[in-house]
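Q: Next up is a structure, given as structure tokens.
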Amino acid sequence: MAKSTFVHETYIRTTPEKLWSTLTTTDSLKRVWMGTRIESDWKVGSPWRAISPEGTLYDSGEVVESIPNQKLAFKWVNEWVPDFKAEGYSLCQYEMEPVGEAVKLTITHSAERPDSKFIAAVTGAWPMVASNIKSLLETGKVVLVDNPRH
């Protein structure tokens with residue numbers, strides 16, 4: 001079956017441990033996701049969810065792979081846009097690879113369907129989130145504070 005896939009790579013001057021912490025700590029995630037609260041314990045089989053500053057459930061899913069400082073993968077369903085929710089689960093993966101004094105972060109978001117409307121929509125959000133992750137780890141500040149999508 002054809003699938004829809006978005007891949008974003010960036011190099012961050014940090015350590016795998018600091019990157020992992022940023023990707024799995026509620027306070028850091030809230031900063032890089034522009035106010036959206038992401039909650040989970042990031043253990044395989046655990047649920048995760050994304051909640052707007054106003055309390056709306058944006059997204060949810062389940063952790064399917066969790067290898068500290070290397071890889072985090074989770075099923076993802078959009079909860080607030082009916083067309084996206086109707087598509088069912090997608091898969092999001094963070095892969096971390098040390099490269100000299102940096103870490104290569106590869107974000108892959110895919111759906112087991114051709115022409116996924118949800119994957120098309122996230123192609124605009126992931127570069128913003130990745131920029132915030134990079135900026136937070138390298139400067140202590142995020143680039144985007146408010147989510148322009150909502």
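Residue numbering restarts at 1 for every chain of the structure tokens, chains are lettered A, B, ... in their displayed order, and ligands are numbered from 1 as they appear.
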When you look at A:Gly55 with a cut-off of 10 Å (counting only C-alpha atoms), what residues show up, excluding the ones that are within fewer than 3 positions of it in the same chain? I need them as number ranges by chain.
A: A: 36-37, 50-52, 58
Q: With distances taken over only C-alpha atoms, which residue among A:Ile67, A:Trp76, A:Leu144, A:Arg13 lies nearest A:Asn132?
A: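 Selected residue with least distance to A:Asn132: A:Leu144.
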Q: Rounded to one decimal place, report the atom CA of A:Lys85-atom CA of A:Thr56 distance in Å.
A: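 Going from atom CA of A:Lys85 over to atom CA of A:Thr56, I get 14.5 Å.
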Q: From the set A:Ser21, A:Thr139, A:Thr5, A:Ser46, which residue has the shortest atom-to-atom contact distance to A:Thr123, counting only C-alpha atoms?
A: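 Going through A:Ser21, A:Thr139, A:Thr5, A:Ser46 one by one, the smallest distance to A:Thr123 is for A:Thr5.
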Q: Considering only C-alpha atoms, state which residue in the set A:Gly35, A:Pro47, A:Pro127, A:Pro98 is at the smallest distance from A:Gln70.
A: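 Result for the nearest residue to A:Gln70: A:Pro98.
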Q: Residues within 6 Å of stretch 90-95 of chain A, please, as a list in words. Count only C-alpha atoms; anything in the same chain fewer than 3 positions from it doesn't count.
A: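 With the cut-off at 6 Å, the set is Gln70, Lys71, Leu72, Ala73, Phe74, Lys75, Trp76, Leu105, Thr106, Ile107, Thr108, His109, Ser110 and Ala111 of chain A.
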